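Asks: Shown below is the structure under consideration.
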Amino acid sequence: MTSDAARFLDTIRPAARNAPPSGIVEVHLEGLRRPGTAKLWVGEGSLPTPAGIRDAAIRSLLSGETFYTHQAGLPELREALCRYHDRLYGPFRGRPADPERFLVTGSGMHAIQMAATLVAGPGDEAIVPTPAWPNAPAAAALGGAAVREVPMRFGPAGWDLDPDDLQAAITPRTRALFINSPGNPTGWVASRDRLAAILDIARRHGLWIVADEVYGRFCYRDGLSVAPSFHEVAEPDDRLIFVNTFSKNWAMTGWRIGWIEVPAALNATVQNLVQYTSSGTAVFMQRAAIEALDNGEDFLAFQLDRARRNRAAVVAALKGLDGVTLSPPDGAFYLFFAIDGEADTRRLCLDMVREAGVGIAPGTAFGRGGERFMRLCFAGDPGEIEVALGRLKVWLAGRQPVAAGGS
């Protein structure tokens, strides 16, 4: 660190100064320096946004919709979100979804940031089951809250969150639980009974739940077309905040548009947070989002079918390799696997980029419990995934395992 950098860093808030760099981004940047790298490190597919969705945005721009708009989001989009949720989960306790519960955000990350602001700050604690996508605990920490990681358990049946572990982590300072199912990076899918047990713990202790159900449509359990949701077990007055995005379902990662669902009584409060963070989401993006919700099911079905086939190919290829530990994911579009004798996955993933031309994310980026694992995204082009698997198998066959503590 230069003296100039130190001089400036000493004057800013510790929460900002101490924000950890992303281990995913580190591998991403290394791969970008090496043309031809198979890019399996980030959570997106290889398809562009469908033409119908893009056309809706173009029509909006051509019609001159370039002004400020509703901070809660276009009424038409909030109504479309209600229709979408009613299709997925049925009317909420016999009543159609309430538009006052939904607000449009400038990405799923924006929704998470506002949720963290709502429920936890300086002096508070937020509990995050890990391994977890690092941005959620980082959002709570940047707001001044202390983050308590609760490692999930891994066994032959895969990953699971034991409610007793969650209960044991609660202290008088705990204000919120961040629950991500289907899980990134583990592929864990909470059963309806597990969600009910978590909700019961939150009710007993007066805690908020921030429910990240971004990957809810990517579920591979037999008989389920959508993953179990807190929507199915909650009551209207429960302390639940849902965060979601258009990125994954409809190939809109670059658009930066999502939504947050809160009790209707918090609508005005969240509108204030929108005002002080983004001041609203561009109208043309919202027109595109309406098109995605109302007419994007065929594309989503194609994405789901491709993810299922890619999942099968990835699991088959790696499960047959000596020293590889994995469990097929029940949801999302990541395989979280480990290689026996390889404890430093940060170094391993950087070596993999440089030597094999394959980029995947190290488990060290996802918190306690996942350090020896690595995350491979299988949402992309089947041909690129096949090439990556071929390279990976050859590279692993030629390596000598490095034990923990080795050089």
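Chain lettering (A, B, ...) mirrors the order of the structure tokens, residue numbering begins at 1 for each chain separately, and ligand numbering begins at 1 in order of display.
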Residues within 9 Å of Leu266 (chain A), please, as a VMD selection string. Count only C-alpha atoms; anything in the same chain fewer than 5 positions from it doesn't count.
Replies: chain A and resid 100 to 101 271
Asks: Within 10 Å of Ala157 (chain A), counting only C-alpha atoms, which residues show up once you throw out same-chain ones fewer than 2 positions away? Write them as a ChimeraX atom specification, please.
Replies: /A:154-155,159-160,326-329
Asks: Between A:Leu77, A:Ala51, A:Met114, A:Val147, which is the closest to Gly367 (chain A) once you count only C-alpha atoms?
Replies: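 Residue with the minimum atom-to-atom distance to Gly367 (chain A): A:Val147.
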Asks: Compile the contact shell of Ala145 (chain A) as a list in words: residues with an atom at most 8 Å away, counting only C-alpha atoms, same-chain residues fewer than 4 positions apart removed.
Replies: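 Residues meeting the cut-off are Ala120, Gly121, Pro122, Gly123, Asp124, Glu125, Ala126, Ala140 and Ala141 of chain A.
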Asks: Produce a table with one row for each residue of region 45-152 of chain A that has an atom at most 10 Å from any atom of region 369-393 of chain A, each row naming the nearest atom pair and its distance in Å at one decimal; use only C-alpha atoms; arrange rows by chain and rising residue number; format as a Markdown table.
Replies:
```
| residue | atom | partner | partner_atom | distance |
| --- | --- | --- | --- | --- |
| A:Gly45 | CA | A:Gly380 | CA | 4.1 |
| A:Ser46 | CA | A:Gly380 | CA | 4.8 |
| A:Leu47 | CA | A:Gly380 | CA | 7.6 |
| A:Pro129 | CA | A:Gly369 | CA | 9.4 |
| A:Thr130 | CA | A:Gly369 | CA | 6.4 |
| A:Pro131 | CA | A:Gly370 | CA | 5.2 |
| A:Ala132 | CA | A:Gly370 | CA | 8.6 |
| A:Glu149 | CA | A:Gly369 | CA | 9.3 |
| A:Val150 | CA | A:Gly369 | CA | 8.6 |
| A:Pro151 | CA | A:Gly369 | CA | 5.2 |
| A:Met152 | CA | A:Gly369 | CA | 6.7 |
```
Asks: So how many Å separate CA of His70 (chain A) and CA of Gly106 (chain A), to one decimal?
Replies: 13.0 Å
Asks: At a cut-off of 12 Å, using only C-alpha atoms, what residues contact His85 (chain A)? Leave out same-chain residues fewer than 4 positions from it and give the result as an MDAnalysis selection string.
Replies: chainID A and resid 78:81 89:92 95:99 101:102 216:217 226 229 231:232 242 244 261 293:294
Asks: Please extract the residues of region 91-190 of chain A with a backbone DSSP assignment of alpha helix (DSSP H) and present them as a PyMOL selection string.
Replies: chain A and resi 108-119+135-142+163-169
